[in-house]
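Listing of final_26.pdb; format and content: PDB, C-alpha atoms.
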ATOM      1  CA  MET A   1      19.597  63.247  46.087
ATOM      2  CA  ALA A   2      22.078  60.871  44.476
ATOM      3  CA  LYS A   3      24.435  62.060  41.770
ATOM      4  CA  GLY A   4      23.915  60.937  38.200
ATOM      5  CA  PRO A   5      20.903  59.400  36.425
ATOM      6  CA  GLY A   6      21.519  55.864  37.719
ATOM      7  CA  LEU A   7      20.776  52.721  35.682
ATOM      8  CA  TYR A   8      17.825  52.063  33.378
ATOM      9  CA  SER A   9      16.307  49.763  35.999
ATOM     10  CA  ASP A  10      16.024  52.790  38.310
ATOM     11  CA  ILE A  11      13.482  54.481  36.033
ATOM     12  CA  GLY A  12      10.113  54.175  37.789
ATOM     13  CA  LYS A  13      11.593  52.051  40.598
ATOM     14  CA  LYS A  14      10.281  54.203  43.465
ATOM     15  CA  ALA A  15       6.702  53.876  42.227
ATOM     16  CA  ARG A  16       7.082  50.131  41.582
ATOM     17  CA  ASP A  17       8.457  49.544  45.080
ATOM     18  CA  LEU A  18       5.595  51.487  46.645
ATOM     19  CA  LEU A  19       2.929  49.672  44.634
ATOM     20  CA  PHE A  20       4.286  46.115  44.506
ATOM     21  CA  LYS A  21       7.181  45.473  46.891
ATOM     22  CA  ASP A  22       6.483  43.215  49.939
ATOM     23  CA  TYR A  23       2.964  42.280  48.749
ATOM     24  CA  GLN A  24       2.575  38.521  48.504
ATOM     25  CA  SER A  25       0.068  35.706  48.961
ATOM     26  CA  ASP A  26       2.583  33.069  50.088
ATOM     27  CA  GLN A  27       4.123  32.218  53.443
ATOM     28  CA  LYS A  28       7.843  32.973  53.481
ATOM     29  CA  PHE A  29      10.636  32.996  56.038
ATOM     30  CA  THR A  30      14.255  34.083  55.722
ATOM     31  CA  VAL A  31      16.927  33.550  58.376
ATOM     32  CA  THR A  32      20.467  34.950  58.132
ATOM     33  CA  THR A  33      23.358  33.952  60.387
ATOM     34  CA  PHE A  34      27.051  34.836  60.393
ATOM     35  CA  SER A  35      29.960  32.474  61.020
ATOM     36  CA  PRO A  36      32.916  33.540  63.210
ATOM     37  CA  THR A  37      34.847  34.247  59.990
ATOM     38  CA  GLY A  38      32.142  36.625  58.716
ATOM     39  CA  VAL A  39      30.504  34.314  56.165
ATOM     40  CA  ALA A  40      26.777  35.087  55.836
ATOM     41  CA  ILE A  41      24.441  32.086  55.523
ATOM     42  CA  THR A  42      20.830  32.801  54.532
ATOM     43  CA  SER A  43      18.135  30.118  54.557
ATOM     44  CA  SER A  44      14.801  30.817  52.864
ATOM     45  CA  GLY A  45      11.594  28.849  52.559
ATOM     46  CA  THR A  46       8.355  29.659  50.757
ATOM     47  CA  ARG A  47       5.050  27.824  50.865
ATOM     48  CA  LYS A  48       2.953  28.293  47.730
ATOM     49  CA  GLY A  49      -0.298  26.440  48.236
ATOM     50  CA  GLU A  50       0.698  22.806  48.721
ATOM     51  CA  LEU A  51       4.192  23.390  47.333
ATOM     52  CA  PHE A  52       7.167  24.234  49.551
ATOM     53  CA  VAL A  53      10.407  25.525  48.046
ATOM     54  CA  ALA A  54      13.589  26.426  49.885
ATOM     55  CA  ASP A  55      17.143  27.524  49.271
ATOM     56  CA  VAL A  56      20.358  28.190  51.165
ATOM     57  CA  ASN A  57      22.636  31.066  50.192
ATOM     58  CA  THR A  58      26.227  31.567  51.345
ATOM     59  CA  GLN A  59      27.915  34.925  50.896
ATOM     60  CA  LEU A  60      31.650  35.478  51.193
ATOM     61  CA  LYS A  61      33.332  38.886  51.029
ATOM     62  CA  ASN A  62      37.002  39.493  50.383
ATOM     63  CA  LYS A  63      37.970  43.134  49.884
ATOM     64  CA  ASN A  64      35.968  44.299  46.865
ATOM     65  CA  ILE A  65      34.895  40.804  45.739
ATOM     66  CA  THR A  66      31.606  39.275  46.866
ATOM     67  CA  THR A  67      30.749  35.643  46.100
ATOM     68  CA  ASP A  68      27.192  34.312  46.478
ATOM     69  CA  ILE A  69      26.517  30.570  46.254
ATOM     70  CA  LYS A  70      22.910  29.345  46.448
ATOM     71  CA  VAL A  71      21.436  25.839  46.395
ATOM     72  CA  ASP A  72      17.676  25.247  46.004
ATOM     73  CA  THR A  73      15.361  22.285  46.523
ATOM     74  CA  ASP A  74      15.713  21.279  42.844
ATOM     75  CA  SER A  75      19.468  20.755  43.364
ATOM     76  CA  ASN A  76      20.358  23.787  41.257
ATOM     77  CA  LEU A  77      23.560  25.584  42.182
ATOM     78  CA  PHE A  78      23.651  29.333  41.507
ATOM     79  CA  THR A  79      26.921  31.244  41.727
ATOM     80  CA  THR A  80      27.355  35.004  41.443
ATOM     81  CA  ILE A  81      30.704  36.782  41.708
ATOM     82  CA  THR A  82      30.601  40.571  42.019
ATOM     83  CA  VAL A  83      33.656  42.796  41.760
ATOM     84  CA  ASN A  84      33.010  46.323  43.021
ATOM     85  CA  GLU A  85      35.049  49.228  41.705
ATOM     86  CA  PRO A  86      37.792  47.435  39.713
ATOM     87  CA  ALA A  87      37.918  50.923  38.201
ATOM     88  CA  PRO A  88      36.107  54.086  39.356
ATOM     89  CA  GLY A  89      32.348  53.754  38.795
ATOM     90  CA  LEU A  90      32.617  50.207  37.399
ATOM     91  CA  LYS A  91      31.077  46.950  38.661
ATOM     92  CA  ALA A  92      31.627  43.496  37.138
ATOM     93  CA  ILE A  93      29.225  40.594  37.720
ATOM     94  CA  PHE A  94      29.703  36.972  36.657
ATOM     95  CA  ASN A  95      26.996  34.383  37.286
ATOM     96  CA  PHE A  96      26.119  30.856  36.227
ATOM     97  CA  LYS A  97      23.868  27.966  37.221
ATOM     98  CA  VAL A  98      24.753  24.274  37.492
ATOM     99  CA  PRO A  99      23.780  21.974  35.781
ATOM    100  CA  ASP A 100      22.662  24.454  33.081
ATOM    101  CA  GLN A 101      25.862  24.931  31.078
ATOM    102  CA  ARG A 102      24.269  27.694  28.960
ATOM    103  CA  SER A 103      23.416  29.938  31.910
ATOM    104  CA  GLY A 104      26.794  31.675  32.266
ATOM    105  CA  LYS A 105      26.661  35.446  31.879
ATOM    106  CA  VAL A 106      29.028  38.375  32.331
ATOM    107  CA  GLU A 107      27.652  41.818  33.168
ATOM    108  CA  LEU A 108      29.356  45.205  33.419
ATOM    109  CA  GLN A 109      27.803  48.265  35.058
ATOM    110  CA  TYR A 110      29.200  51.771  34.874
ATOM    111  CA  LEU A 111      27.922  54.822  36.733
ATOM    112  CA  HIS A 112      28.913  58.390  35.867
ATOM    113  CA  ASP A 113      27.584  61.788  36.913
ATOM    114  CA  TYR A 114      25.851  62.068  33.526
ATOM    115  CA  ALA A 115      25.406  58.451  32.417
ATOM    116  CA  GLY A 116      24.627  54.949  33.581
ATOM    117  CA  ILE A 117      25.403  51.882  31.453
ATOM    118  CA  SER A 118      24.741  48.178  31.946
ATOM    119  CA  THR A 119      25.675  45.507  29.436
ATOM    120  CA  SER A 120      25.702  41.725  29.625
ATOM    121  CA  VAL A 121      26.489  38.824  27.324
ATOM    122  CA  GLY A 122      25.793  35.123  27.683
ATOM    123  CA  LEU A 123      28.724  32.727  27.680
ATOM    124  CA  THR A 124      27.476  30.586  24.793
ATOM    125  CA  ALA A 125      28.331  30.164  21.133
ATOM    126  CA  ASN A 126      25.294  32.276  20.145
ATOM    127  CA  PRO A 127      24.691  34.516  23.135
ATOM    128  CA  ILE A 128      21.955  36.986  23.958
ATOM    129  CA  VAL A 129      23.456  40.454  24.308
ATOM    130  CA  ASN A 130      21.746  42.951  26.604
ATOM    131  CA  PHE A 131      22.461  46.667  26.711
ATOM    132  CA  SER A 132      20.839  49.465  28.652
ATOM    133  CA  GLY A 133      21.977  53.039  28.936
ATOM    134  CA  VAL A 134      20.798  56.248  30.566
ATOM    135  CA  VAL A 135      22.032  59.773  29.955
ATOM    136  CA  GLY A 136      21.132  62.925  31.852
ATOM    137  CA  THR A 137      21.310  64.126  35.430
ATOM    138  CA  ASN A 138      19.714  63.252  38.748
ATOM    139  CA  VAL A 139      16.793  65.488  37.687
ATOM    140  CA  LEU A 140      16.118  64.470  34.073
ATOM    141  CA  ALA A 141      17.200  61.194  32.487
ATOM    142  CA  LEU A 142      16.546  59.448  29.161
ATOM    143  CA  GLY A 143      17.386  55.818  28.502
ATOM    144  CA  ALA A 144      16.943  52.669  26.420
ATOM    145  CA  ASP A 145      16.984  48.927  27.179
ATOM    146  CA  LEU A 146      17.774  46.467  24.359
ATOM    147  CA  SER A 147      18.338  42.724  23.898
ATOM    148  CA  PHE A 148      19.729  41.083  20.771
ATOM    149  CA  ASP A 149      19.654  37.333  20.114
ATOM    150  CA  THR A 150      22.698  36.527  18.004
ATOM    151  CA  LYS A 151      21.357  33.043  17.187
ATOM    152  CA  ILE A 152      18.337  34.320  15.286
ATOM    153  CA  GLY A 153      19.793  37.745  14.497
ATOM    154  CA  GLU A 154      16.853  39.656  15.937
ATOM    155  CA  LEU A 155      16.207  42.358  18.480
ATOM    156  CA  THR A 156      14.126  40.552  21.116
ATOM    157  CA  LYS A 157      13.604  43.491  23.472
ATOM    158  CA  SER A 158      13.491  47.226  22.903
ATOM    159  CA  ASN A 159      12.319  49.600  25.637
ATOM    160  CA  ALA A 160      12.787  53.325  26.158
ATOM    161  CA  GLY A 161      12.206  55.489  29.211
ATOM    162  CA  LEU A 162      12.191  59.022  30.562
ATOM    163  CA  SER A 163      12.442  60.018  34.227
ATOM    164  CA  PHE A 164      11.957  63.352  35.991
ATOM    165  CA  THR A 165      12.922  63.875  39.640
ATOM    166  CA  LYS A 166      12.291  67.055  41.589
ATOM    167  CA  ASP A 167      12.482  67.381  45.370
ATOM    168  CA  ASP A 168       9.684  65.134  46.687
ATOM    169  CA  LEU A 169       8.279  63.752  43.414
ATOM    170  CA  ILE A 170       9.408  61.345  40.714
ATOM    171  CA  ALA A 171       7.613  60.844  37.390
ATOM    172  CA  SER A 172       8.518  58.409  34.627
ATOM    173  CA  LEU A 173       7.297  57.391  31.193
ATOM    174  CA  THR A 174       8.392  54.167  29.476
ATOM    175  CA  LEU A 175       7.592  52.479  26.170
ATOM    176  CA  ASN A 176       7.948  48.696  26.490
ATOM    177  CA  ASP A 177       7.471  45.454  24.547
ATOM    178  CA  LYS A 178       8.694  46.892  21.228
ATOM    179  CA  GLY A 179       6.308  49.826  21.469
ATOM    180  CA  ASP A 180       3.208  47.846  22.458
ATOM    181  CA  ALA A 181       2.928  49.036  26.076
ATOM    182  CA  LEU A 182       3.052  52.634  27.312
ATOM    183  CA  ASN A 183       3.624  52.990  31.042
ATOM    184  CA  ALA A 184       3.441  56.132  33.182
ATOM    185  CA  ALA A 185       4.369  56.131  36.877
ATOM    186  CA  TYR A 186       4.262  58.766  39.603
ATOM    187  CA  TYR A 187       5.699  58.823  43.139
ATOM    188  CA  HIS A 188       5.224  61.663  45.609
ATOM    189  CA  VAL A 189       6.443  62.062  49.197
ATOM    190  CA  VAL A 190       3.653  63.747  51.168
ATOM    191  CA  ASN A 191       5.395  63.810  54.548
ATOM    192  CA  SER A 192       9.035  62.771  54.935
ATOM    193  CA  VAL A 193       8.764  62.635  58.755
ATOM    194  CA  THR A 194       6.075  59.932  58.714
ATOM    195  CA  ASN A 195       7.355  58.408  55.436
ATOM    196  CA  THR A 196       3.955  59.086  53.895
ATOM    197  CA  ALA A 197       3.909  58.728  50.117
ATOM    198  CA  VAL A 198       1.474  58.122  47.286
ATOM    199  CA  GLY A 199       2.075  56.480  43.939
ATOM    200  CA  ALA A 200       0.303  55.592  40.722
ATOM    201  CA  GLU A 201       1.020  53.538  37.625
ATOM    202  CA  VAL A 202      -1.016  53.348  34.442
ATOM    203  CA  THR A 203      -0.263  51.041  31.515
ATOM    204  CA  HIS A 204      -1.892  51.109  28.089
ATOM    205  CA  ARG A 205      -1.382  48.133  25.784
ATOM    206  CA  PHE A 206      -1.943  49.113  22.149
ATOM    207  CA  SER A 207      -2.465  45.560  20.806
ATOM    208  CA  THR A 208      -5.452  44.917  23.095
ATOM    209  CA  ASN A 209      -6.448  48.534  23.877
ATOM    210  CA  GLU A 210      -6.399  47.532  27.562
ATOM    211  CA  ASN A 211      -5.606  49.923  30.401
ATOM    212  CA  THR A 212      -4.309  48.989  33.845
ATOM    213  CA  LEU A 213      -4.349  51.559  36.646
ATOM    214  CA  THR A 214      -2.866  50.972  40.101
ATOM    215  CA  LEU A 215      -2.987  53.480  42.976
ATOM    216  CA  GLY A 216      -1.146  53.077  46.278
ATOM    217  CA  THR A 217       0.011  54.760  49.446
ATOM    218  CA  GLN A 218       2.221  54.131  52.452
ATOM    219  CA  HIS A 219       2.445  55.625  55.935
ATOM    220  CA  ALA A 220       4.670  54.944  58.937
ATOM    221  CA  LEU A 221       2.529  54.413  62.045
ATOM    222  CA  ASP A 222       5.718  54.741  64.093
ATOM    223  CA  PRO A 223       9.460  54.574  63.318
ATOM    224  CA  LEU A 224       9.305  50.756  63.166
ATOM    225  CA  THR A 225       5.883  50.065  61.620
ATOM    226  CA  THR A 226       4.766  50.808  58.058
ATOM    227  CA  LEU A 227       1.285  50.471  56.568
ATOM    228  CA  LYS A 228       0.726  50.176  52.803
ATOM    229  CA  ALA A 229      -2.392  49.889  50.630
ATOM    230  CA  ARG A 230      -3.172  49.718  46.912
ATOM    231  CA  VAL A 231      -6.091  49.262  44.529
ATOM    232  CA  ASN A 232      -6.358  48.701  40.783
ATOM    233  CA  ASN A 233      -9.078  49.218  38.186
ATOM    234  CA  PHE A 234      -9.836  45.470  38.147
ATOM    235  CA  GLY A 235     -11.237  45.739  41.679
ATOM    236  CA  LYS A 236      -8.355  44.091  43.527
ATOM    237  CA  THR A 237      -7.563  45.806  46.837
ATOM    238  CA  SER A 238      -4.468  44.967  48.881
ATOM    239  CA  ALA A 239      -2.962  46.082  52.173
ATOM    240  CA  LEU A 240       0.030  45.162  54.304
ATOM    241  CA  ILE A 241       1.586  46.034  57.615
ATOM    242  CA  GLN A 242       5.320  45.616  58.210
ATOM    243  CA  HIS A 243       7.026  45.828  61.583
ATOM    244  CA  GLU A 244      10.778  45.962  62.223
ATOM    245  CA  TRP A 245      10.828  44.154  65.567
ATOM    246  CA  ARG A 246      14.619  44.327  65.766
ATOM    247  CA  PRO A 247      17.269  45.904  63.508
ATOM    248  CA  LYS A 248      17.023  44.514  59.935
ATOM    249  CA  SER A 249      14.432  41.925  61.025
ATOM    250  CA  PHE A 250      10.887  42.316  59.677
ATOM    251  CA  PHE A 251       7.486  40.704  60.107
ATOM    252  CA  THR A 252       5.048  41.419  57.269
ATOM    253  CA  ILE A 253       1.420  40.377  56.822
ATOM    254  CA  SER A 254      -0.436  41.240  53.621
ATOM    255  CA  GLY A 255      -3.851  40.529  52.184
ATOM    256  CA  GLU A 256      -5.741  40.937  48.917
ATOM    257  CA  VAL A 257      -9.486  41.038  48.240
ATOM    258  CA  ASP A 258     -11.152  40.898  44.833
ATOM    259  CA  THR A 259     -14.070  43.318  45.223
ATOM    260  CA  LYS A 260     -15.603  42.041  41.971
ATOM    261  CA  ALA A 261     -15.672  38.473  43.357
ATOM    262  CA  ILE A 262     -16.244  39.094  47.041
ATOM    263  CA  GLU A 263     -17.468  35.522  47.552
ATOM    264  CA  LYS A 264     -13.911  34.290  46.998
ATOM    265  CA  SER A 265     -11.583  33.940  49.969
ATOM    266  CA  ALA A 266      -9.093  36.716  50.579
ATOM    267  CA  LYS A 267      -5.452  35.968  49.822
ATOM    268  CA  VAL A 268      -3.184  36.301  52.861
ATOM    269  CA  GLY A 269       0.612  36.339  52.850
ATOM    270  CA  LEU A 270       3.136  36.213  55.669
ATOM    271  CA  SER A 271       6.829  37.038  55.614
ATOM    272  CA  LEU A 272       9.387  36.746  58.396
ATOM    273  CA  VAL A 273      12.966  38.016  57.950
ATOM    274  CA  LEU A 274      15.480  37.355  60.757
ATOM    275  CA  LYS A 275      18.920  38.918  60.792
ATOM    276  CA  PRO A 276      21.394  39.161  63.675
TER     277      PRO A 276
END

Rewrite the structure of this file - the entire thing - as C-alpha cells.
Amino acid sequence: MAKGPGLYSDIGKKARDLLFKDYQSDQKFTVTTFSPTGVAITSSGTRKGELFVADVNTQLKNKNITTDIKVDTDSNLFTTITVNEPAPGLKAIFNFKVPDQRSGKVELQYLHDYAGISTSVGLTANPIVNFSGVVGTNVLALGADLSFDTKIGELTKSNAGLSFTKDDLIASLTLNDKGDALNAAYYHVVNSVTNTAVGAEVTHRFSTNENTLTLGTQHALDPLTTLKARVNNFGKTSALIQHEWRPKSFFTISGEVDTKAIEKSAKVGLSLVLKP
C-alpha cells in the first residue's frame, strides 16, 4: 500500500478504472517507437463512425524534465513540460496549446505522507484557478476540489470526497456538481492471484431525482489475458477481453448491448497498442 492519501483525483479511481477503463466503441491504434537517442514517438489514430482523427506525440526526457509535444489532425500543437521533484514531493507541470493563446496553464502537485495538494492557474489576465487537496493517511482520506473563475468572480466547481482503504477493499463517497450529485463507489479484490475484482458505483442526482447504478467485474484468464464485464440499471451490458501479446503491447476488443433495445446493433470497439 502506498504512503499518504494521494491526490483528490485518486479518490474512487480504482472503481472507475474497473468499470470504465478500456471500454470503447471506436477503432483505435497506438504505435510507439524509440529513436537511437531515446526520443519516444507515439502515433495514434481513432475511427469514430465515418470520422478519423489522429495525432503524433513526441516525448523527450532530460534528467527530471519530460517534454511532450503533440500534433493532431486539426493542426493543434499541444506542449506539456513536466518537472519531477524540483523539491521533495513536488511536481511542476506547464502546458499550452497553439494557436489558442489562452490555453497556457501552470500546475503544481505536492505529495506528503499526510496530504496531497494540486493547484493550477491559467496564464491569462482573468484566469481560472483550480485547487484540490486531500488530508489523511493511506487508509482514510478527506478532500475537496474547487475551481474559481476570476473573470466572473464565482466558484464554478466545488466537490468533496471521502475515501477508505483497507487491505483488499476501497470505498469512496463524493459530493459533486455543487452538491447536486452524490456518488458512492466500491472496489474489492476477490483473488489477487487471478486479479479477480468486483466494483460498483451509484450516483444520485438531486435535481432530477435520478439514480445511476453500474456493477462490474474483472478476472485474469491467464497472466496475459484479462476479461471484464459491466452492467448498469439502464440495461446496457458491456464486456471486453484484453491480451498482452508482448510486453506493454495490448489488443483489446469490447462490445456493448442495450438489453432494452435489443433490435439495435451491438457496439463493438477495437484497440491495438504497440510498444517496443

> What do you get, as a ChimeraX atom specification, if you spell out every residue that the PyMOL selection byres ((chain A and resi 30) around 7) selects here?
Replying inline: /A:28-29,31-32,42-45,272-274

>> Between CA of Asp113 (chain A) and CA of Lys13 (chain A), what distance in Å does the model show, to one decimal?
In response: 19.1 Å

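The interatomic distance for the pair CA of Asp68 (chain A) and CA of Ile253 (chain A) works out to 28.4 Å.
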
>> Around the point (26.6, 33.7, 58.8) (coordinates from the file), which residues reach within 12 Å if we count only C-alpha atoms? Answer as a PyMOL selection string.
In response: chain A and resi 31-43+56-61+274-276

>> Using the chain letters and numbers from this file, what does the PyMOL selection byres ((chain A and resi 88-103) around 8) select? Give the answer as number ranges by chain.
In response: A: 76-87, 104-112, 122-124

>> List as a VMD selection string the protein and nucleic acid residues near region 186-200 of chain A, meaning an atom at most 7 Å away when all atoms listed in the file are counted, but skip any in the same chain fewer than 6 places from it.
In response: chain A and resid 14 to 15 18 to 19 168 to 172 214 to 220

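The space separating CA of Asp72 (chain A) from CA of Ser9 (chain A) comes to 26.5 Å.
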
>> Can you pull out the residues contacting His204 (chain A)? Cut-off 6 Å, using all atoms listed in the file, and skip same-chain residues under 3 positions away; I want them as number ranges by chain.
In response: A: 181-182, 210-211

Which residues come within 10 Å of Phe148 (chain A), counting all atoms listed in the file, excluding same-chain residues fewer than 3 positions away, as a tab-separated table (two decimals) with C-alpha atoms, keeping the file's coordinate frame?
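Listed below is the output, out.tsv:
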chain	number	residue	atom	x	y	z
A	121	VAL	CA	26.49	38.82	27.32
A	127	PRO	CA	24.69	34.52	23.14
A	128	ILE	CA	21.96	36.99	23.96
A	129	VAL	CA	23.46	40.45	24.31
A	130	ASN	CA	21.75	42.95	26.60
A	131	PHE	CA	22.46	46.67	26.71
A	151	LYS	CA	21.36	33.04	17.19
A	152	ILE	CA	18.34	34.32	15.29
A	153	GLY	CA	19.79	37.74	14.50
A	154	GLU	CA	16.85	39.66	15.94
A	155	LEU	CA	16.21	42.36	18.48
A	156	THR	CA	14.13	40.55	21.12
A	157	LYS	CA	13.60	43.49	23.47
A	158	SER	CA	13.49	47.23	22.90

Would you place a box with edges along x, y and z of the file around all atoms of region 35-40 of chain A listed there, add 3 Å to each of its six sides, and report the centre and edge lengths in Å to one decimal, as AutoDock Vina command-line options?
--center_x 30.8 --center_y 34.5 --center_z 59.5 --size_x 14.1 --size_y 10.2 --size_z 13.4

> Where does the PyMOL selection byres ((chain A and resi 53) around 9) land in this file, that is, which residues does it pick, as a list in words?
Replying inline: Ser44, Gly45, Thr46, Arg47, Lys48, Leu51, Phe52, Ala54, Asp55, Asp72, Thr73 and Asp74 of chain A
